[in-house]
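Next up, run26.cif (mmCIF, C-alpha atoms and all ligand atoms):
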data_data
loop_
_atom_site.label_atom_id
_atom_site.label_comp_id
_atom_site.auth_asym_id
_atom_site.auth_seq_id
_atom_site.Cartn_x
_atom_site.Cartn_y
_atom_site.Cartn_z
CA MET A 24 2.22 -17.73 -8.25
CA GLY A 25 4.39 -14.65 -8.81
CA ALA A 26 3.40 -11.62 -10.86
CA SER A 27 3.60 -10.30 -14.39
CA GLY A 28 2.09 -7.26 -16.08
CA ASP A 29 -0.64 -9.25 -17.85
CA MET A 30 -1.60 -11.28 -14.75
CA LEU A 31 -1.99 -8.04 -12.80
CA LEU A 32 -4.14 -6.55 -15.60
CA GLY A 33 -6.31 -9.70 -15.55
CA ALA A 34 -6.67 -9.61 -11.76
CA LEU A 35 -7.77 -5.96 -11.82
CA VAL A 36 -10.36 -6.54 -14.55
CA GLY A 37 -11.55 -9.72 -12.78
CA ALA A 38 -11.97 -7.68 -9.59
CA GLY A 39 -14.31 -5.29 -11.38
CA VAL A 40 -12.17 -2.56 -12.95
CA PRO A 41 -13.83 -1.88 -16.36
CA LEU A 42 -11.47 -2.65 -19.26
CA PRO A 43 -12.18 0.78 -20.88
CA VAL A 44 -10.67 2.48 -17.79
CA LEU A 45 -7.37 0.70 -18.54
CA GLN A 46 -7.67 1.21 -22.31
CA ASP A 47 -8.32 4.96 -21.94
CA ALA A 48 -5.27 5.33 -19.70
CA VAL A 49 -3.07 3.48 -22.22
CA ASP A 50 -4.47 5.52 -25.15
CA ALA A 51 -3.68 8.75 -23.30
CA VAL A 52 0.00 7.78 -23.03
CA ALA A 53 0.93 5.82 -26.17
CA ALA A 54 0.87 7.42 -29.62
CA GLU A 55 0.91 3.95 -31.28
CA PRO A 56 -2.28 1.82 -31.34
CA ILE A 57 -2.39 -0.64 -28.42
CA THR A 58 -5.52 -2.71 -27.84
CA LEU A 59 -6.37 -4.45 -24.59
CA ARG A 60 -8.59 -7.51 -24.96
CA GLU A 61 -10.30 -9.45 -22.18
CA GLU A 62 -10.66 -13.24 -22.30
CA ARG A 63 -12.32 -15.57 -19.80
CA VAL A 64 -10.03 -18.58 -19.35
CA THR A 65 -9.59 -21.45 -16.93
CA ARG A 66 -6.38 -22.42 -15.18
CA ARG A 67 -6.49 -25.91 -13.66
CA GLY A 68 -10.25 -25.63 -13.40
CA LEU A 69 -10.24 -22.11 -11.93
CA ALA A 70 -12.13 -19.38 -13.78
CA ALA A 71 -9.71 -16.55 -14.49
CA THR A 72 -9.38 -13.36 -16.54
CA ARG A 73 -6.68 -12.89 -19.10
CA VAL A 74 -5.99 -9.48 -20.62
CA HIS A 75 -4.17 -9.58 -23.95
CA VAL A 76 -2.10 -6.61 -25.04
CA ASP A 77 -2.21 -6.34 -28.84
CA VAL A 78 0.48 -4.09 -30.28
CA GLY A 79 1.31 -3.59 -33.96
CA ASP A 80 5.08 -3.44 -33.56
CA SER A 81 6.36 -5.46 -30.63
CA THR A 82 10.01 -4.82 -31.44
CA THR A 83 10.03 -1.10 -30.65
CA ARG A 84 12.75 -0.42 -28.09
CA ARG A 85 12.79 2.73 -26.04
CA THR A 86 14.98 3.99 -23.28
CA TRP A 87 13.81 5.33 -19.93
CA ARG A 88 15.06 8.76 -21.10
CA GLU A 89 12.39 8.61 -23.86
CA ILE A 90 9.63 6.94 -21.86
CA ARG A 91 9.83 9.36 -18.96
CA GLU A 92 8.82 12.22 -21.29
CA LEU A 93 5.39 10.57 -21.79
CA PRO A 94 2.40 11.74 -19.67
CA LEU A 95 2.64 8.63 -17.45
CA GLY A 96 1.02 9.79 -14.20
CA ARG A 97 2.59 9.49 -10.72
CA ARG A 98 2.19 5.74 -10.17
CA ALA A 99 3.34 4.66 -13.64
CA PHE A 100 6.30 7.05 -13.52
CA ALA A 101 7.41 5.64 -10.16
CA THR A 102 7.05 2.08 -11.47
CA PHE A 103 9.10 2.70 -14.63
CA GLU A 104 11.68 4.56 -12.59
CA ARG A 105 12.08 1.52 -10.27
CA LEU A 106 12.40 -0.75 -13.30
CA ALA A 107 14.99 1.52 -14.94
CA GLU A 108 17.03 1.76 -11.72
CA ALA A 109 17.00 -2.02 -11.27
CA GLU A 110 18.02 -2.69 -14.87
CA ALA A 111 20.74 -0.06 -14.63
CA ALA A 112 22.15 -1.70 -11.49
CA VAL A 113 22.12 -5.13 -13.12
CA HIS A 114 23.66 -4.08 -16.43
CA ALA A 115 26.12 -1.53 -14.98
CA THR A 116 24.63 1.39 -16.88
CA THR A 117 22.58 4.50 -16.03
CA PRO A 118 18.77 4.45 -15.67
CA GLU A 119 18.50 6.92 -18.60
CA GLU A 120 20.19 4.48 -21.00
CA VAL A 121 18.15 1.40 -19.98
CA HIS A 122 16.14 -0.22 -22.77
CA PHE A 123 12.96 -1.97 -21.79
CA HIS A 124 13.56 -5.64 -22.57
CA GLU A 125 13.19 -7.39 -25.83
CA VAL A 126 9.40 -7.76 -25.57
CA GLY A 127 9.19 -4.14 -26.69
CA ALA A 128 8.48 -0.92 -24.92
CA LEU A 129 4.83 -0.89 -26.00
CA ASP A 130 3.88 -3.99 -23.98
CA ALA A 131 5.66 -2.56 -20.99
CA ILE A 132 3.81 0.75 -21.35
CA ALA A 133 0.45 -1.03 -21.62
CA ASP A 134 1.18 -3.23 -18.60
CA VAL A 135 2.50 -0.48 -16.36
CA VAL A 136 0.07 2.27 -17.35
CA GLY A 137 -2.92 -0.11 -17.36
CA VAL A 138 -2.15 -1.66 -13.96
CA CYS A 139 -1.49 1.74 -12.41
CA ALA A 140 -4.78 3.12 -13.79
CA GLY A 141 -6.57 0.07 -12.34
CA LEU A 142 -5.05 0.61 -8.90
CA ASP A 143 -6.00 4.30 -9.05
CA HIS A 144 -9.54 3.34 -10.08
CA LEU A 145 -9.94 1.09 -7.03
CA GLY A 146 -8.86 4.00 -4.80
CA LEU A 147 -7.01 1.66 -2.45
CA GLU A 148 -5.94 2.82 0.97
CA ALA A 149 -3.38 0.01 1.17
CA LEU A 150 -2.06 -2.78 -1.02
CA VAL A 151 -0.69 -5.80 0.84
CA CYS A 152 1.19 -8.54 -0.98
CA SER A 153 2.02 -12.02 0.30
CA THR A 154 5.42 -13.68 -0.25
CA VAL A 155 6.20 -13.51 -3.97
CA SER A 156 6.86 -16.90 -5.57
CA VAL A 157 9.56 -16.16 -8.11
CA GLY A 158 9.82 -19.61 -9.73
CA GLY A 159 13.09 -21.21 -10.82
CA GLY A 160 15.15 -22.49 -13.73
CA PHE A 161 16.34 -20.31 -16.61
CA VAL A 162 14.88 -17.99 -19.27
CA ASP A 163 16.21 -17.23 -22.72
CA ALA A 164 16.65 -13.47 -23.05
CA ALA A 165 18.09 -11.44 -25.94
CA HIS A 166 21.66 -11.72 -24.68
CA GLY A 167 21.50 -15.37 -23.63
CA ARG A 168 20.25 -17.54 -20.77
CA LEU A 169 19.39 -15.86 -17.52
CA PRO A 170 18.78 -17.53 -14.17
CA VAL A 171 15.31 -17.27 -12.60
CA PRO A 172 14.57 -15.09 -10.71
CA ALA A 173 15.92 -12.81 -13.44
CA PRO A 174 18.53 -10.36 -12.15
CA ALA A 175 16.19 -7.35 -12.40
CA VAL A 176 13.56 -9.23 -10.34
CA VAL A 177 16.07 -9.92 -7.57
CA GLU A 178 17.05 -6.25 -7.57
CA LEU A 179 13.44 -5.01 -7.55
CA LEU A 180 12.36 -7.30 -4.73
CA ARG A 181 15.31 -6.64 -2.42
CA GLY A 182 14.15 -6.44 1.19
CA VAL A 183 10.67 -7.94 0.66
CA PRO A 184 9.54 -11.55 1.22
CA THR A 185 10.13 -13.80 -1.81
CA SER A 186 10.58 -17.53 -2.27
CA GLY A 187 11.88 -19.75 -5.05
CA GLY A 188 9.51 -22.20 -6.76
CA PRO A 189 7.01 -23.75 -6.53
CA LEU A 190 7.68 -24.38 -10.27
CA GLU A 191 10.81 -24.32 -12.40
CA LEU A 192 9.41 -21.46 -14.50
CA GLU A 193 9.74 -17.68 -14.51
CA LEU A 194 6.77 -16.85 -12.27
CA CYS A 195 7.69 -13.24 -11.56
CA THR A 196 8.84 -11.01 -14.42
CA PRO A 197 10.71 -7.73 -14.06
CA THR A 198 7.57 -5.77 -15.01
CA GLY A 199 5.51 -7.66 -12.40
CA ALA A 200 8.20 -7.12 -9.78
CA ALA A 201 8.42 -3.38 -10.59
CA LEU A 202 4.64 -2.99 -10.32
CA LEU A 203 4.66 -4.73 -6.95
CA SER A 204 7.67 -2.95 -5.53
CA ALA A 205 6.45 0.53 -6.52
CA ASN A 206 2.84 0.09 -5.41
CA VAL A 207 2.65 -2.39 -2.52
CA THR A 208 2.36 -0.65 0.84
CA GLY A 209 2.74 -3.70 3.09
CA TRP A 210 4.19 -7.19 2.71
CA GLY A 211 3.09 -10.37 4.44
CA ALA A 212 0.07 -12.54 5.07
CA GLN A 213 -3.43 -11.39 4.21
CA PRO A 214 -4.53 -8.89 6.86
CA PRO A 215 -8.01 -9.19 8.41
CA LEU A 216 -10.25 -8.31 5.49
CA GLU A 217 -13.95 -8.35 4.65
CA VAL A 218 -13.60 -9.35 1.01
CA ARG A 219 -15.90 -7.57 -1.45
CA ALA A 220 -14.38 -8.54 -4.85
CA VAL A 221 -11.91 -11.14 -6.13
CA GLY A 222 -9.92 -10.94 -9.34
CA THR A 223 -8.11 -14.00 -10.65
CA GLY A 224 -5.56 -12.96 -13.26
CA ALA A 225 -4.03 -15.40 -15.74
CA GLY A 226 -1.01 -15.07 -18.01
CA GLY A 227 -0.19 -17.17 -21.05
CA ARG A 228 1.26 -20.18 -19.25
CA ASP A 229 -0.82 -23.07 -17.95
CA PRO A 230 1.44 -25.57 -16.18
CA GLU A 231 -0.13 -28.88 -15.16
CA SER A 232 0.61 -28.94 -11.46
CA HIS A 233 -0.61 -25.54 -10.24
CA ALA A 234 -3.24 -22.96 -11.21
CA ASN A 235 -0.89 -20.27 -12.51
CA VAL A 236 -2.90 -17.25 -11.40
CA LEU A 237 -2.48 -14.07 -9.40
CA ARG A 238 -5.34 -13.28 -7.04
CA LEU A 239 -6.42 -9.82 -5.99
CA LEU A 240 -8.78 -9.63 -2.99
CA VAL A 241 -10.41 -6.23 -2.59
CA GLY A 242 -12.20 -5.43 0.63
CA GLU A 243 -12.57 -3.51 3.83
CA GLN A 244 -9.90 -3.93 6.44
CA SER A 245 -11.19 -5.31 9.70
CA GLY A 246 -9.35 -5.44 13.00
CA ALA A 247 -6.16 -3.58 13.80
CA VAL A 248 -2.50 -4.35 14.39
CA LEU A 249 -1.11 -3.74 17.88
CA LEU A 250 2.65 -3.03 17.93
CA GLU A 251 4.43 -3.07 21.29
CA THR A 252 7.97 -2.54 22.45
CA ASN A 253 9.67 -1.98 25.82
CA VAL A 254 12.19 0.87 25.81
CA ASP A 255 14.54 1.84 28.66
CA ASP A 256 17.16 3.92 26.86
CA LEU A 257 15.36 6.75 25.05
CA ASP A 258 15.79 10.31 26.34
CA PRO A 259 12.25 10.79 27.75
CA ARG A 260 12.00 14.25 26.19
CA VAL A 261 11.86 12.55 22.76
CA TRP A 262 8.64 10.60 23.45
CA PRO A 263 6.11 13.35 22.53
CA ALA A 264 7.79 13.86 19.13
CA ALA A 265 7.91 10.08 18.55
CA ILE A 266 4.19 9.72 19.31
CA GLU A 267 3.36 12.66 17.06
CA ALA A 268 5.36 11.07 14.21
CA LEU A 269 3.56 7.73 14.71
CA LEU A 270 0.15 9.41 14.48
CA ALA A 271 1.28 11.37 11.40
CA ALA A 272 2.36 8.08 9.76
CA GLY A 273 -1.16 6.67 10.13
CA ALA A 274 -1.34 5.11 13.61
CA SER A 275 -4.88 5.39 14.97
CA ASP A 276 -3.52 5.62 18.54
CA ALA A 277 -0.15 5.51 20.31
CA TRP A 278 0.53 5.58 24.05
CA LEU A 279 3.10 4.86 26.76
CA THR A 280 2.78 2.72 29.88
CA PRO A 281 5.40 3.13 32.65
CA ILE A 282 7.01 -0.22 33.55
CA VAL A 283 9.98 -1.51 35.55
CA MET A 284 12.29 -3.72 33.50
CA LYS A 285 15.07 -6.15 34.36
CA LYS A 286 17.78 -4.83 36.68
CA GLY A 287 15.11 -2.56 38.23
CA ARG A 288 15.24 -0.10 35.31
CA PRO A 289 12.32 2.32 34.91
CA ALA A 290 11.14 2.11 31.29
CA HIS A 291 8.11 2.48 29.02
CA THR A 292 6.03 0.14 26.89
CA LEU A 293 5.18 1.91 23.66
CA SER A 294 1.86 0.62 22.25
CA VAL A 295 0.68 1.56 18.77
CA LEU A 296 -2.61 0.68 17.13
CA VAL A 297 -2.69 0.80 13.35
CA ALA A 298 -4.81 -0.42 10.41
CA PRO A 299 -3.14 -3.47 8.80
CA GLY A 300 -2.37 -1.69 5.55
CA ARG A 301 -0.47 1.08 7.33
CA ALA A 302 1.46 -1.19 9.71
CA GLU A 303 4.61 -1.24 7.54
CA ALA A 304 5.03 2.56 7.50
CA VAL A 305 4.27 2.85 11.21
CA ARG A 306 6.67 0.02 12.14
CA ARG A 307 9.41 1.93 10.36
CA VAL A 308 8.64 5.12 12.30
CA VAL A 309 8.96 3.20 15.60
CA PHE A 310 12.50 2.17 14.61
CA GLU A 311 13.38 5.60 13.23
CA GLN A 312 12.10 7.69 16.12
CA THR A 313 12.88 5.49 19.14
CA THR A 314 15.81 3.32 20.25
CA SER A 315 13.74 0.13 19.91
CA ILE A 316 15.35 -2.64 17.87
CA GLY A 317 12.46 -5.12 17.99
CA LEU A 318 8.66 -5.22 18.15
CA ARG A 319 5.90 -7.55 19.31
CA GLU A 320 2.97 -7.61 16.94
CA SER A 321 -0.55 -8.99 17.27
CA THR A 322 -3.87 -8.55 15.50
CA VAL A 323 -6.68 -7.33 17.70
CA ALA A 324 -10.41 -7.00 17.10
CA LYS A 325 -11.80 -3.48 17.14
CA HIS A 326 -15.32 -2.48 18.08
CA ALA A 327 -16.04 1.12 17.22
CA LEU A 328 -19.22 3.10 17.62
CA GLN A 329 -20.39 5.12 14.64
CA ARG A 330 -18.96 8.63 14.94
CA GLN A 331 -20.19 11.92 13.57
CA MET A 332 -18.74 15.43 13.96
CA VAL A 333 -21.18 18.27 14.66
CA ALA A 334 -20.42 21.94 15.37
CA VAL A 335 -21.95 23.99 18.20
CA GLU A 336 -21.53 27.64 19.20
CA VAL A 337 -20.70 28.96 22.66
CA ASP A 338 -20.83 32.77 22.89
CA GLY A 339 -20.17 32.99 19.13
CA ARG A 340 -17.18 30.58 19.16
CA SER A 341 -17.50 27.41 17.06
CA ILE A 342 -16.62 24.13 18.78
CA ALA A 343 -16.43 20.73 17.05
CA VAL A 344 -18.14 17.89 18.92
CA LYS A 345 -17.75 14.15 18.33
CA VAL A 346 -21.05 12.29 18.68
CA ALA A 347 -20.88 8.48 19.05
CA ARG A 348 -23.91 6.27 18.56
CA ASP A 349 -25.09 2.73 17.98
CA PRO A 350 -28.37 1.69 16.34
CA ALA A 351 -30.22 2.32 19.64
CA GLY A 352 -29.14 5.95 19.87
CA VAL A 353 -26.50 8.43 21.05
CA LEU A 354 -24.09 7.00 23.65
CA ASN A 355 -21.48 9.71 23.98
CA VAL A 356 -21.05 13.40 23.19
CA GLN A 357 -17.55 14.84 23.47
CA PRO A 358 -16.47 18.40 22.48
CA GLU A 359 -12.95 18.61 21.00
CA TYR A 360 -10.81 19.75 23.90
CA GLU A 361 -8.53 22.00 21.79
CA ASP A 362 -11.58 23.93 20.48
CA VAL A 363 -12.97 24.26 24.01
CA ALA A 364 -9.65 25.51 25.41
CA ALA A 365 -9.25 28.04 22.54
CA ALA A 366 -12.83 29.32 23.06
CA ALA A 367 -12.33 29.60 26.83
CA ARG A 368 -9.14 31.59 26.30
CA ALA A 369 -10.78 33.93 23.79
CA LEU A 370 -13.88 34.42 25.97
CA GLY A 371 -11.98 34.71 29.24
CA ARG A 372 -14.19 31.97 30.73
CA PRO A 373 -13.20 28.84 32.70
CA VAL A 374 -12.59 25.79 30.49
CA LYS A 375 -14.97 23.63 32.59
CA ASP A 376 -17.90 26.02 31.95
CA VAL A 377 -17.35 26.16 28.18
CA LEU A 378 -17.01 22.36 28.14
CA GLN A 379 -20.30 21.91 29.98
CA GLU A 380 -22.14 24.34 27.74
CA ALA A 381 -20.77 22.84 24.51
CA THR A 382 -21.73 19.33 25.70
CA ALA A 383 -25.26 20.43 26.62
CA ARG A 384 -25.77 22.16 23.23
CA ALA A 385 -24.47 19.13 21.34
CA ARG A 386 -26.82 16.83 23.28
CA THR A 387 -29.87 18.84 22.24
CA LEU A 388 -28.64 18.76 18.61
CA ALA A 389 -27.74 15.08 18.53
CA LEU A 390 -30.61 13.46 20.45
O1 LIG B 1 17.01 -8.52 -22.17
C1 LIG B 1 17.27 -8.27 -21.04
S1 LIG B 1 18.40 -7.10 -20.62
C2 LIG B 1 16.60 -8.90 -19.95
C3 LIG B 1 17.06 -8.65 -18.67
C4 LIG B 1 16.38 -9.21 -17.64
C5 LIG B 1 16.84 -8.92 -16.30
O2 LIG B 1 16.27 -9.36 -15.34
S2 LIG B 1 18.15 -7.96 -16.19
C6 LIG B 1 15.25 -10.00 -17.86
N1 LIG B 1 14.84 -10.26 -19.13
C7 LIG B 1 13.70 -11.13 -19.45
O3 LIG B 1 12.88 -10.53 -20.43
C8 LIG B 1 11.58 -11.06 -20.37
C9 LIG B 1 10.56 -9.96 -20.43
O4 LIG B 1 10.35 -9.34 -19.17
P1 LIG B 1 9.12 -8.34 -18.92
O5 LIG B 1 9.22 -7.88 -17.49
O6 LIG B 1 9.30 -7.20 -19.85
O7 LIG B 1 7.87 -9.11 -19.16
C10 LIG B 1 11.52 -11.85 -19.07
O8 LIG B 1 11.62 -13.19 -19.38
C11 LIG B 1 12.75 -11.35 -18.33
O9 LIG B 1 13.24 -12.25 -17.40
C12 LIG B 1 15.50 -9.71 -20.19
NI NI B 2 17.83 -6.69 -18.19
#
Output the structure of this file as structure tokens.
Ligand SMILES: O=C([S-])c1cc(C(=O)S)c[n+]([C@@H]2O[C@H](COP(=O)(O)O)[C@@H](O)[C@H]2O)c1
Ligand code: NI
Amino acid sequence: MGASGDMLLGALVGAGVPLPVLQDAVDAVAAEPITLREERVTRRGLAATRVHVDVGDSTTRRTWREIRELPLGRRAFATFERLAEAEAAVHATTPEEVHFHEVGALDAIADVVGVCAGLDHLGLEALVCSTVSVGGGFVDAAHGRLPVPAPAVVELLRGVPTSGGPLELELCTPTGAALLSANVTGWGAQPPLEVRAVGTGAGGRDPESHANVLRLLVGEQSGAVLLETNVDDLDPRVWPAAIEALLAAGASDAWLTPIVMKKGRPAHTLSVLVAPGRAEAVRRVVFEQTTSIGLRESTVAKHALQRQMVAVEVDGRSIAVKVARDPAGVLNVQPEYEDVAAAARALGRPVKDVLQEATARARTLAL
């Protein structure tokens, strides 16, 4: 049901972020008194959390030029910057001159700084957001009626999945859109997830037909995304750099399989395995680094043994060894090849001897 600053605050608190964490972050930024207040509410029978932002003077207007001088922190700065750029584009002005809407700069500061502190507190590796319902109809703003989605929302959510409705109300506000666009790392359906906490955030509106809430599911990612593409027109010398870039962008593995394509053309299938939350960044690297213009994507189950790194010494050279085990015991012991090769070079010994010795030492340590 869209997003707004207060719904996001409610969802974070509902998911277990202590309110004082958000309050402390807001106090550290705003000179004026701002109080966050938690209320348990229901929305169409659903238990939800509402966070009220109480400010003394809600008419204070500040420009981005003034707000950016505050000690906002990286996330909040990036969010305000996105908002200022979107408003500037919509109103044909510069980001520096943008005023933060008629609701007053203090609410915006509390929403942005509080939500960003909550996200930092959760220490998320990835934040995935489903299609944003933006609502419909019109809103009355300071300068007159605006269509919904409001122009700044359209600007902020360019290039990500949104849909109109399901209600003729403003479901996504500019602040909500800015928080999403600056902090979401992947867009689309819920990835495979072992859910640990759920936050159900409510705003002020309670329409009759739908529970107007924003849900935040916090958990451990399970499974992996497999990206595949067949490529017959990339200079083959580029492949090692492309694979290196994919691994640097967060892929857990990337490999090539030689194939023969239509018209008898020799080609490669590029396969990339990546955690769901990193898929977006890795997908982009595939398009940037190769000549592929399309991908196949599937979710695959992953079964991984528990791994542990230990260090062994061979003739005074340290070699890292990966030990893999299940509850019944050690199943595999594998020295890191680069360490083995470096030690063999330094010692003037054959690689296969150093490898054997490192493996034997690690076995006596690990068993
Ligand atoms: O007053 C202005 S300039 C204004 C512009 C826009 C644009 O999208 S541009 C939107 N609004 C409306 O103000 C309220 C408050 O938004 P918050 O994000 O601060 O909660 C909302 O209804 C916007 O659509 C005002
Ligand atoms: Ni505006």
Take the point (-8.3, -6.6, -10.2) in the file's coordinates, draw a sphere of radius 9 Å around it, and report as an NGL selection string every protein, DNA or RNA residue with an atom inside or on it, counting all atoms listed in the file. :A and (31-40 or 138 or 141-142 or 145 or 220-224 or 238-241)
Report as a Markdown table the residues of range 147-199 of chain A within 12 Å of range 93-109 of chain A, each with its shortest atom pair and distance in Å (one decimal), using all atoms listed in the file, ordered by chain and increasing residue number.
| residue | atom | partner | partner_atom | distance |
| --- | --- | --- | --- | --- |
| A:Ala173 | CA | A:Ala109 | CA | 11.1 |
| A:Pro174 | CA | A:Ala109 | CA | 8.5 |
| A:Ala175 | CA | A:Ala109 | CA | 5.5 |
| A:Val176 | CA | A:Ala109 | CA | 8.0 |
| A:Val177 | CA | A:Ala109 | CA | 8.8 |
| A:Glu178 | CA | A:Ala109 | CA | 5.6 |
| A:Leu179 | CA | A:Ala109 | CA | 6.0 |
| A:Leu180 | CA | A:Ala109 | CA | 9.6 |
| A:Arg181 | CA | A:Ala109 | CA | 10.1 |
| A:Thr196 | CA | A:Leu106 | CA | 10.9 |
| A:Pro197 | CA | A:Leu106 | CA | 7.2 |
| A:Thr198 | CA | A:Leu106 | CA | 7.2 |
| A:Gly199 | CA | A:Leu106 | CA | 9.8 |
Would you give me, as JSON lines, each residue of chain A having an atom within 10 Å of an atom of ligand LIG 1 (chain B), along with its shortest atom pair and that distance in Å to one decimal, using all atoms listed in the file and sorting by chain and residue number?
{"residue": "A:Ala26", "atom": "CA", "partner": "B:LIG1", "partner_atom": "O5", "distance": 9.6}
{"residue": "A:Ser27", "atom": "CA", "partner": "B:LIG1", "partner_atom": "O7", "distance": 6.5}
{"residue": "A:Gly28", "atom": "CA", "partner": "B:LIG1", "partner_atom": "O7", "distance": 6.8}
{"residue": "A:Asp29", "atom": "CA", "partner": "B:LIG1", "partner_atom": "O7", "distance": 8.6}
{"residue": "A:Leu106", "atom": "CA", "partner": "B:LIG1", "partner_atom": "O5", "distance": 8.9}
{"residue": "A:Ala109", "atom": "CA", "partner": "B:LIG1", "partner_atom": "S2", "distance": 7.8}
{"residue": "A:Glu110", "atom": "CA", "partner": "B:LIG1", "partner_atom": "S2", "distance": 5.4}
{"residue": "A:Ala111", "atom": "CA", "partner": "B:LIG1", "partner_atom": "S2", "distance": 8.5}
{"residue": "A:Ala112", "atom": "CA", "partner": "B:LIG1", "partner_atom": "S2", "distance": 8.8}
{"residue": "A:Val113", "atom": "CA", "partner": "B:LIG1", "partner_atom": "S2", "distance": 5.8}
{"residue": "A:His114", "atom": "CA", "partner": "B:LIG1", "partner_atom": "S2", "distance": 6.7}
{"residue": "A:Val121", "atom": "CA", "partner": "B:LIG1", "partner_atom": "S1", "distance": 8.5}
{"residue": "A:His122", "atom": "CA", "partner": "B:LIG1", "partner_atom": "S1", "distance": 7.6}
{"residue": "A:Phe123", "atom": "CA", "partner": "B:LIG1", "partner_atom": "O6", "distance": 6.7}
{"residue": "A:His124", "atom": "CA", "partner": "B:LIG1", "partner_atom": "O1", "distance": 4.5}
{"residue": "A:Glu125", "atom": "CA", "partner": "B:LIG1", "partner_atom": "O1", "distance": 5.4}
{"residue": "A:Val126", "atom": "CA", "partner": "B:LIG1", "partner_atom": "C9", "distance": 5.7}
{"residue": "A:Gly127", "atom": "CA", "partner": "B:LIG1", "partner_atom": "O6", "distance": 7.5}
{"residue": "A:Ala128", "atom": "CA", "partner": "B:LIG1", "partner_atom": "O6", "distance": 8.1}
{"residue": "A:Leu129", "atom": "CA", "partner": "B:LIG1", "partner_atom": "O6", "distance": 9.9}
{"residue": "A:Asp130", "atom": "CA", "partner": "B:LIG1", "partner_atom": "O6", "distance": 7.5}
{"residue": "A:Ala131", "atom": "CA", "partner": "B:LIG1", "partner_atom": "O6", "distance": 6.0}
{"residue": "A:Ile132", "atom": "CA", "partner": "B:LIG1", "partner_atom": "O6", "distance": 9.8}
{"residue": "A:Asp134", "atom": "CA", "partner": "B:LIG1", "partner_atom": "O7", "distance": 8.9}
{"residue": "A:Phe161", "atom": "CA", "partner": "B:LIG1", "partner_atom": "O9", "distance": 8.7}
{"residue": "A:Val162", "atom": "CA", "partner": "B:LIG1", "partner_atom": "O8", "distance": 5.8}
{"residue": "A:Asp163", "atom": "CA", "partner": "B:LIG1", "partner_atom": "O8", "distance": 7.0}
{"residue": "A:Ala164", "atom": "CA", "partner": "B:LIG1", "partner_atom": "C12", "distance": 4.9}
{"residue": "A:Ala165", "atom": "CA", "partner": "B:LIG1", "partner_atom": "O1", "distance": 4.9}
{"residue": "A:His166", "atom": "CA", "partner": "B:LIG1", "partner_atom": "O1", "distance": 6.2}
{"residue": "A:Gly167", "atom": "CA", "partner": "B:LIG1", "partner_atom": "O1", "distance": 8.3}
{"residue": "A:Arg168", "atom": "CA", "partner": "B:LIG1", "partner_atom": "C12", "distance": 9.2}
{"residue": "A:Leu169", "atom": "CA", "partner": "B:LIG1", "partner_atom": "O9", "distance": 7.1}
{"residue": "A:Pro170", "atom": "CA", "partner": "B:LIG1", "partner_atom": "O9", "distance": 8.3}
{"residue": "A:Val171", "atom": "CA", "partner": "B:LIG1", "partner_atom": "O9", "distance": 7.2}
{"residue": "A:Pro172", "atom": "CA", "partner": "B:LIG1", "partner_atom": "O9", "distance": 7.4}
{"residue": "A:Ala173", "atom": "CA", "partner": "B:LIG1", "partner_atom": "O2", "distance": 4.0}
{"residue": "A:Pro174", "atom": "CA", "partner": "B:LIG1", "partner_atom": "O2", "distance": 4.0}
{"residue": "A:Ala175", "atom": "CA", "partner": "B:LIG1", "partner_atom": "O2", "distance": 3.6}
{"residue": "A:Val176", "atom": "CA", "partner": "B:LIG1", "partner_atom": "O2", "distance": 5.7}
{"residue": "A:Val177", "atom": "CA", "partner": "B:LIG1", "partner_atom": "O2", "distance": 7.8}
{"residue": "A:Glu178", "atom": "CA", "partner": "B:LIG1", "partner_atom": "O2", "distance": 8.4}
{"residue": "A:Leu179", "atom": "CA", "partner": "B:LIG1", "partner_atom": "O2", "distance": 9.4}
{"residue": "A:Leu192", "atom": "CA", "partner": "B:LIG1", "partner_atom": "O8", "distance": 9.9}
{"residue": "A:Glu193", "atom": "CA", "partner": "B:LIG1", "partner_atom": "O8", "distance": 6.9}
{"residue": "A:Leu194", "atom": "CA", "partner": "B:LIG1", "partner_atom": "O8", "distance": 9.4}
{"residue": "A:Cys195", "atom": "CA", "partner": "B:LIG1", "partner_atom": "O9", "distance": 8.1}
{"residue": "A:Thr196", "atom": "CA", "partner": "B:LIG1", "partner_atom": "O5", "distance": 4.4}
{"residue": "A:Pro197", "atom": "CA", "partner": "B:LIG1", "partner_atom": "O5", "distance": 3.7}
{"residue": "A:Thr198", "atom": "CA", "partner": "B:LIG1", "partner_atom": "O5", "distance": 3.7}
{"residue": "A:Gly199", "atom": "CA", "partner": "B:LIG1", "partner_atom": "O5", "distance": 6.3}
{"residue": "A:Ala200", "atom": "CA", "partner": "B:LIG1", "partner_atom": "O5", "distance": 7.8}
{"residue": "A:Ala201", "atom": "CA", "partner": "B:LIG1", "partner_atom": "O5", "distance": 8.3}
{"residue": "A:Leu202", "atom": "CA", "partner": "B:LIG1", "partner_atom": "O5", "distance": 9.8}
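Using all atoms listed in the file, the shortest contact distance between Asp338 in chain A and any of A:Val377, A:Leu354, A:Arg301, A:Ala48 is found at A:Val377.
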Hey, what's within 6 Å of Leu296 in chain A if we count only C-alpha atoms and toss same-chain stuff fewer than 6 positions away? As a PyMOL selection string, please? chain A and resi 248-249+274-276
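Using only C-alpha atoms and all ligand atoms, the shortest contact distance between ligand NI 2 (chain B) and any of A:Pro56, A:Pro118, A:Pro41, A:Pro259 is found at A:Pro118.
With all atoms listed in the file as the atoms that count, the residue of A:Leu328, A:Ala351, A:Val207, A:Val157 with the shortest distance to Glu191 in chain A is A:Val157.
Each of A:Thr154, A:Thr185, A:Thr116, A:Ser341 was checked against ligand NI 2 (chain B) using all atoms listed in the file; the smallest atom-to-atom distance is that of A:Thr116.
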